[in-house]
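Below is the file query.txt, which contains compact mmCIF, C-alpha atoms.
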```
# COMPACT_ATOMS: atom_id res chain seq x y z
CA MET F 1 0.00 0.00 0.00
CA ASN F 2 1.01 3.60 -0.57
CA LYS F 3 2.88 4.50 2.63
CA HIS F 4 1.18 7.87 3.04
CA LEU F 5 -2.25 6.31 2.60
CA GLU F 6 -1.35 3.56 5.08
CA ALA F 7 -0.23 6.16 7.63
CA ALA F 8 -3.36 8.27 7.12
CA GLN F 9 -5.65 5.26 7.45
CA SER F 10 -3.81 3.99 10.52
CA ALA F 11 -4.37 7.36 12.18
CA VAL F 12 -8.13 6.74 12.07
CA PRO F 13 -9.07 4.79 15.24
CA GLU F 14 -11.67 2.57 13.57
CA ILE F 15 -9.21 1.53 10.86
CA ALA F 16 -6.41 1.06 13.40
CA ASP F 17 -8.70 -1.28 15.35
CA TYR F 18 -9.50 -3.19 12.16
CA GLU F 19 -5.78 -3.66 11.47
CA ARG F 20 -5.23 -4.70 15.10
CA ARG F 21 -7.88 -7.43 14.82
CA LYS F 22 -6.52 -8.56 11.47
CA ALA F 23 -3.01 -8.84 12.93
CA LEU F 24 -4.30 -10.87 15.88
CA VAL F 25 -5.93 -13.39 13.55
CA GLU F 26 -2.77 -13.68 11.45
CA ALA F 27 -0.62 -14.10 14.57
CA LYS F 28 -2.80 -16.82 16.08
CA LEU F 29 -2.91 -18.77 12.81
CA SER F 30 0.87 -18.66 12.55
CA GLU F 31 1.13 -20.15 16.06
CA LEU F 32 -1.21 -23.08 15.47
CA PRO F 33 0.17 -26.47 14.52
CA SER F 34 -1.37 -28.16 11.53
CA ALA F 35 -4.68 -29.82 12.40
CA ASP F 36 -4.82 -33.63 12.21
CA ASP F 37 -7.74 -35.46 10.68
CA PRO F 38 -9.85 -36.69 13.65
CA GLN F 39 -10.14 -40.24 12.28
CA GLU F 40 -6.41 -40.43 11.64
CA ALA F 41 -5.64 -39.08 15.13
CA ALA F 42 -7.78 -41.77 16.77
CA SER F 43 -6.42 -44.46 14.47
CA ALA F 44 -2.86 -43.55 15.43
CA VAL F 45 -3.65 -44.13 19.11
CA VAL F 46 -5.25 -47.50 18.35
CA ALA F 47 -2.36 -48.54 16.10
CA GLU F 48 0.11 -47.77 18.88
CA ALA F 49 -1.99 -49.80 21.32
CA LEU F 50 -2.01 -52.75 18.93
CA ILE F 51 1.79 -52.71 18.70
CA THR F 52 2.02 -52.65 22.50
CA TYR F 53 -0.46 -55.50 22.75
CA LEU F 54 1.39 -57.66 20.23
CA ASP F 55 4.72 -56.98 21.97
CA THR F 56 3.53 -57.53 25.52
CA GLY F 57 0.31 -59.49 25.26
CA THR F 58 -1.39 -56.83 27.41
CA TRP F 59 -4.02 -54.55 25.99
CA PRO F 60 -3.56 -50.93 27.22
CA ALA F 61 -6.43 -50.14 29.59
CA ASP F 62 -6.72 -46.48 28.59
CA VAL F 63 -6.71 -46.88 24.82
CA ASP F 64 -10.43 -46.08 24.47
CA GLU F 65 -10.05 -42.86 26.45
CA ARG F 66 -6.89 -41.81 24.59
CA ALA F 67 -8.42 -42.51 21.18
CA ARG F 68 -11.54 -40.58 22.11
CA THR F 69 -9.47 -37.65 23.40
CA ALA F 70 -7.33 -37.59 20.25
CA TYR F 71 -10.45 -37.60 18.10
CA VAL F 72 -12.14 -34.77 20.02
CA ASP F 73 -8.93 -32.72 20.24
CA ALA F 74 -8.44 -33.01 16.49
CA ILE F 75 -12.02 -31.88 15.86
CA ALA F 76 -11.49 -28.88 18.16
CA ALA F 77 -8.16 -27.99 16.52
CA ALA F 78 -9.68 -28.22 13.05
CA GLU F 79 -12.60 -26.03 14.09
CA ILE F 80 -10.31 -23.40 15.60
CA ARG F 81 -8.13 -23.33 12.50
CA GLY F 82 -11.18 -23.27 10.24
CA GLN F 83 -12.76 -20.31 12.02
CA LEU F 84 -9.51 -18.36 12.07
CA THR F 85 -8.84 -19.14 8.41
CA TYR F 86 -12.31 -17.90 7.51
CA MET F 87 -11.73 -14.68 9.45
CA ARG F 88 -8.35 -14.20 7.76
CA THR F 89 -10.00 -14.61 4.37
CA GLU F 90 -12.63 -12.04 5.29
CA PHE F 91 -9.97 -9.59 6.45
CA ARG F 92 -7.92 -10.12 3.30
CA ASN F 93 -10.98 -9.64 1.10
CA GLY F 94 -11.22 -6.18 2.65
CA HIS F 95 -15.00 -5.76 2.39
CA GLU F 96 -15.27 -4.48 5.95
CA LEU F 97 -12.28 -2.19 5.48
CA LYS F 98 -13.77 -0.73 2.30
CA GLY F 99 -16.90 0.20 4.21
CA ILE F 100 -14.88 1.82 6.99
CA VAL F 101 -12.75 3.76 4.48
CA GLU F 102 -15.89 5.07 2.76
CA ARG F 103 -17.32 6.25 6.08
CA ARG F 104 -14.06 7.67 7.38
CA ALA F 105 -12.76 9.15 4.11
CA PRO F 106 -12.92 12.76 5.40
CA GLU F 107 -10.72 11.83 8.35
CA ILE F 108 -8.26 10.00 6.11
CA LEU F 109 -8.10 12.98 3.77
CA GLU F 110 -7.61 15.31 6.72
CA HIS F 111 -4.56 13.32 7.77
CA LEU F 112 -3.27 13.42 4.20
CA ASP F 113 -3.72 17.19 4.26
CA GLY F 114 -1.56 17.28 7.37
CA GLN F 115 1.11 15.27 5.58
CA LEU F 116 1.00 17.71 2.66
CA ARG F 117 1.32 20.69 4.99
CA ASP F 118 4.41 19.12 6.56
CA VAL F 119 6.01 18.57 3.13
CA LEU F 120 5.24 22.10 1.95
CA GLU F 121 6.47 23.65 5.19
CA ALA F 122 9.77 21.79 4.83
CA VAL F 123 10.08 23.06 1.25
CA ARG F 124 9.30 26.64 2.31
CA ARG F 125 12.15 26.55 4.81
CA ASP F 126 14.53 25.79 1.94
CA LEU F 127 13.22 28.27 -0.61
CA GLY F 128 15.57 31.04 0.47
CA ALA F 129 18.66 28.86 0.15
CA LEU F 130 17.39 27.33 -3.09
CA ALA F 131 17.25 30.74 -4.79
CA ASP F 132 16.90 30.20 -8.56
CA VAL F 133 18.36 26.67 -8.63
CA ARG F 134 15.98 24.35 -10.50
CA THR F 135 18.08 21.64 -12.12
CA ALA F 136 20.95 19.33 -11.20
CA ASP F 137 23.24 21.41 -13.41
CA ASP F 138 22.19 24.55 -11.56
CA ALA F 139 22.90 22.84 -8.25
CA ILE F 140 26.40 21.74 -9.26
CA ASN F 141 27.39 25.32 -9.98
CA ALA F 142 25.54 26.82 -7.02
CA PRO F 143 26.78 27.58 -3.49
CA LYS F 144 26.77 24.63 -1.10
CA ALA F 145 23.68 25.88 0.75
CA SER F 146 21.73 26.02 -2.52
CA MET F 147 22.93 22.56 -3.54
CA GLU F 148 21.84 21.09 -0.21
CA ALA F 149 18.46 22.82 -0.41
CA TYR F 150 18.01 21.46 -3.94
CA LYS F 151 18.74 17.93 -2.77
CA ARG F 152 16.26 18.17 0.10
CA ILE F 153 13.46 19.55 -2.07
CA VAL F 154 14.04 17.00 -4.85
CA ALA F 155 13.75 14.27 -2.22
CA ARG F 156 10.31 15.65 -1.32
CA VAL F 157 8.90 15.31 -4.85
CA PRO F 158 8.12 11.56 -4.51
CA GLU F 159 6.39 12.32 -1.21
CA LEU F 160 4.10 14.80 -2.94
CA LEU F 161 3.30 12.24 -5.63
CA SER F 162 2.55 9.61 -2.98
CA ILE F 163 0.25 11.96 -1.07
CA ARG F 164 -1.66 12.91 -4.22
CA GLU F 165 -2.03 9.26 -5.22
CA ALA F 166 -3.41 8.52 -1.76
CA GLN F 167 -5.75 11.50 -2.08
CA TRP F 168 -7.28 10.36 -5.37
CA THR F 169 -7.52 6.76 -4.20
CA THR F 170 -9.49 7.86 -1.15
CA LEU F 171 -11.70 10.31 -3.04
CA SER F 172 -12.49 7.58 -5.56
CA ASP F 173 -13.95 5.53 -2.71
CA THR F 174 -16.49 8.27 -1.99
CA VAL F 175 -17.92 9.18 -5.41
CA ASP F 176 -18.77 7.50 -8.69
CA VAL F 177 -15.73 7.32 -10.96
CA THR F 178 -17.20 5.06 -13.64
CA GLY F 179 -17.89 6.20 -17.17
CA PRO F 180 -16.32 8.88 -19.33
CA HIS F 181 -18.35 11.68 -17.75
CA SER F 182 -17.51 11.14 -14.08
CA PRO F 183 -17.33 14.61 -12.44
CA LEU F 184 -14.37 13.48 -10.36
CA ARG F 185 -12.42 12.31 -13.40
CA HIS F 186 -13.11 15.61 -15.18
CA ALA F 187 -12.06 17.62 -12.16
CA LYS F 188 -8.90 15.60 -11.72
CA ARG F 189 -8.01 16.00 -15.38
CA ASP F 190 -8.49 19.75 -15.19
CA GLY F 191 -6.20 20.21 -12.22
CA TRP F 192 -8.77 20.76 -9.47
CA GLY F 193 -8.28 19.38 -5.97
CA HIS F 194 -4.76 20.73 -5.44
CA VAL F 195 -5.37 24.39 -4.59
CA ARG F 196 -8.56 25.42 -2.86
CA GLY F 197 -10.98 27.23 -5.17
CA ALA F 198 -8.86 27.07 -8.33
CA ALA F 199 -7.45 24.73 -10.95
CA LEU F 200 -3.77 24.22 -11.53
CA PRO F 201 -2.18 26.12 -14.42
CA ALA F 202 -2.14 24.05 -17.61
CA ASP F 203 1.48 22.87 -17.38
CA HIS F 204 1.08 21.87 -13.73
CA ALA F 205 -2.24 20.12 -14.45
CA ALA F 206 -0.53 18.13 -17.20
CA GLU F 207 2.04 16.90 -14.67
CA ALA F 208 -0.71 15.88 -12.26
CA VAL F 209 -2.65 13.98 -14.93
CA ALA F 210 0.54 12.19 -16.03
CA GLY F 211 1.20 11.15 -12.43
CA ARG F 212 4.56 12.85 -12.14
CA PHE F 213 5.68 16.06 -10.51
CA THR F 214 8.78 18.18 -10.92
CA LEU F 215 10.74 20.32 -8.51
CA ASP F 216 9.21 23.36 -10.23
CA HIS F 217 5.72 22.19 -9.35
CA LEU F 218 6.61 21.48 -5.74
CA VAL F 219 8.28 24.88 -5.34
CA TRP F 220 5.28 26.56 -6.95
CA LEU F 221 2.83 24.65 -4.75
CA ALA F 222 4.74 25.56 -1.60
CA GLN F 223 4.11 29.21 -2.46
CA GLN F 224 0.34 28.76 -2.74
CA PRO F 225 -1.32 29.59 0.60
CA ASP F 226 -4.39 27.56 -0.37
CA ALA F 227 -2.58 24.34 -1.37
CA TYR F 228 -4.42 21.47 0.26
CA VAL F 229 -5.82 17.96 0.20
CA PRO F 230 -9.60 18.30 -0.06
CA THR F 231 -11.74 16.37 2.39
CA ASP F 232 -14.80 16.44 0.13
CA ALA F 233 -14.84 15.85 -3.64
CA ASP F 234 -18.10 17.78 -4.06
CA GLU F 235 -16.38 20.98 -2.93
CA PHE F 236 -13.97 21.22 -5.86
CA ILE F 237 -16.33 19.53 -8.34
CA GLU F 238 -18.88 22.27 -7.66
CA ALA F 239 -16.18 24.95 -7.80
CA ARG F 240 -15.13 23.67 -11.21
CA GLN F 241 -18.72 23.68 -12.47
CA ALA F 242 -19.21 27.24 -11.22
CA TYR F 243 -16.01 28.32 -12.94
CA ARG F 244 -17.04 26.72 -16.23
CA ALA F 245 -20.44 28.40 -16.01
CA SER F 246 -18.75 31.78 -15.49
CA LEU F 247 -17.11 31.42 -18.91
CA THR F 248 -20.41 31.26 -20.80
CA ASP F 249 -22.71 34.14 -21.70
CA ASP F 250 -25.80 32.66 -20.08
CA GLY F 251 -24.13 31.07 -17.05
CA SER F 252 -24.93 27.55 -18.17
CA ILE F 253 -22.47 24.73 -17.65
CA PRO F 254 -21.12 23.60 -21.04
CA ARG F 255 -21.42 20.02 -22.20
CA GLU F 256 -18.57 17.89 -20.96
CA ALA F 257 -16.07 16.49 -23.41
CA ASP F 258 -14.58 13.05 -22.94
CA PRO F 259 -12.06 13.33 -20.08
CA TYR F 260 -9.37 11.94 -22.35
CA GLY F 261 -10.20 14.24 -25.25
CA ASP F 262 -9.68 17.96 -25.87
CA ASP F 263 -12.05 20.50 -24.41
CA PRO F 264 -11.11 24.00 -25.64
CA LEU F 265 -13.19 25.63 -22.94
CA ILE F 266 -11.31 23.80 -20.19
CA ILE F 267 -7.97 24.58 -21.80
CA ASP F 268 -8.88 28.27 -21.97
CA ALA F 269 -10.09 28.12 -18.38
CA ARG F 270 -6.77 26.77 -17.22
CA LYS F 271 -4.91 29.59 -18.93
CA ALA F 272 -7.18 32.11 -17.28
CA THR F 273 -6.86 30.65 -13.77
CA HIS F 274 -5.15 33.03 -11.40
CA VAL F 275 -3.17 30.75 -9.06
```
Target encoding C-alpha cells, full file:
Amino acid sequence: MNKHLEAAQSAVPEIADYERRKALVEAKLSELPSADDPQEAASAVVAEALITYLDTGTWPADVDERARTAYVDAIAAAEIRGQLTYMRTEFRNGHELKGIVERRAPEILEHLDGQLRDVLEAVRRDLGALADVRTADDAINAPKASMEAYKRIVARVPELLSIREAQWTTLSDTVDVTGPHSPLRHAKRDGWGHVRGAALPADHAAEAVAGRFTLDHLVWLAQQPDAYVPTDADEFIEARQAYRASLTDDGSIPREADPYGDDPLIIDARKATHV
C-alpha cells in the first residue's frame, strides 16, 4: 500500500482497530500447529496400542479414552483453524475495510492534508537557500547551501506524488468514478483538488494527470497559501462547475467532453486561472 495512505488510514481509530484485529488473527494462525484429521488421530492411538499389545500381550487399559481424546482434540483444533482461516479470508478480502474507508474518508483525507502541509512547510524553509536553482546542473554550480536545499526539495517530490495518489484513491472511494463523464475524473483532469478554489495552471495540471511532478511544481505549490488535500470531492467539483459556467454568456455549464479528449473551454479556463 502507498505509505502515506497507510499512515493516514492507521491514524483513524476505527481503521487502526481493524488492522489490530486482522493482525491478531494472522498471529494466532501462525502459532497453530497443523490440524490432524480426527479419524487419523484416533487411528494412530489405536495402532500404537495394537503394537504394545502384540509386543507384551497386554491390551492398554486407557486406549479407548486416549483414542476418544485424540479424536475430540483433532475436531477442536480443526474447528479453531477453520474459524480463524475464515476470518483471515474475510480480512484479506477487505470488504469491511472498504466500508470503513468510505465512512471515514474525510478523516483520512484530513490526515493526508496534514502530511501535505508538513512537506510544503519543509520546502518553504529551503526556498531562500534554493534561490533560482531548479536543475541538477544549476545545483552543481551553485553555493553549497543552494545545492543542499536542492537535494532536500528534490527528495520531497516523490512524497508529494505519494500523497496525491493517496488523495485520489481515497476520493475515488467516496464518489462514482465510472464512465467517461464522471465529475471526479473531469475535475482531476483539469487540475482541481490541489489548490482550494482554483485549478492548476495548464502545465502543472498536465504533470498531475501524467502522475509525475517536478521540482518546479513542488516549489510553486509551496508558495500557494491555499494548497491542500480536499476532504470532500463535491467541494472542488462544484467549484469547477461554477467556474465553467462563469465562462459562458448565459451562465450555463457547457457540455462535458470526454475526459481523455480535448475540451477547448477547459484549456482556456486553465490559462485564465489566477493561481
**Request:** Tell me which of F:Gly193, F:Tyr243, F:Val46, F:Lys151 sits closest to F:Ala61, counting all atoms listed in the file.
**Result:**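 Nearest to F:Ala61: F:Val46.
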Excluding F:Met87 and its own-chain neighbours fewer than 5 positions away, which residues fall within 9 Å of it when counting all atoms listed in the file? Please give them as a PDB file with C-alpha atoms, in the frame of the given file.
```
ATOM      1  CA  LYS F  22      -6.520  -8.560  11.470  1.00  0.00           C
ATOM      2  CA  VAL F  25      -5.930 -13.390  13.550  1.00  0.00           C
ATOM      3  CA  GLY F  82     -11.180 -23.270  10.240  1.00  0.00           C
ATOM      4  CA  ARG F  92      -7.920 -10.120   3.300  1.00  0.00           C
TER       5      ARG F  92
END
```
**Message:** So the first atom is atom CA of F:Glu79 and the second is atom CA of F:Ala35; what is the distance between them in Å, to one decimal place?
**Reply:**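 Atom CA of F:Ala35 lies at a distance of 8.9 Å from atom CA of F:Glu79.
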**Request:** Show which residues sit within 10 Å of stretch 230-238 of chain F, as an NGL selection string. Count only C-alpha atoms, and ignore same-chain residues fewer than 2 positions away.
**Result:** :F and (105-113 or 167-168 or 170-172 or 174-175 or 183-188 or 192-199 or 227-228 or 240-244)
**Asked** Pick the closest to F:Asp64 from F:Thr52, F:Ser246, F:Ala42, F:Asp226: which is it, counting only C-alpha atoms?
**Response**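 Counting only C-alpha atoms, the residue closest to F:Asp64 is F:Ala42.
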**Message:** Report, in Å with one decimal, the straight-line distance from atom CA of F:Asp137 to atom CA of F:Leu200.
**Reply:** 27.2 Å
**Request:** Find, counting all atoms listed in the file, the residue in F:Arg134, F:His181, F:Lys28, F:Lys3 that gets nearest to F:Arg81.
**Result:**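 The answer is F:Lys28, which sits nearest to F:Arg81.
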**Message:** As an exercise, work out the distance from atom CA of F:Asp132 to atom CA of F:Leu218 in Å and give it to one decimal place.
**Reply:** 13.8 Å
**Message:** Between F:Gly99, F:Gly191, F:Pro13, F:Gly57, which residue has the minimum interatomic distance to F:Ala208, considering all atoms listed in the file?
**Reply:**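 Under the stated criterion, the closest residue is F:Gly191.
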**Asked** With all atoms listed in the file as the atoms that count, which of F:Asp62, F:Asp173, F:Glu96, F:Asp138 lies nearest to F:Asp17?
**Response**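 Using all atoms listed in the file, the shortest distance to F:Asp17 belongs to F:Glu96.
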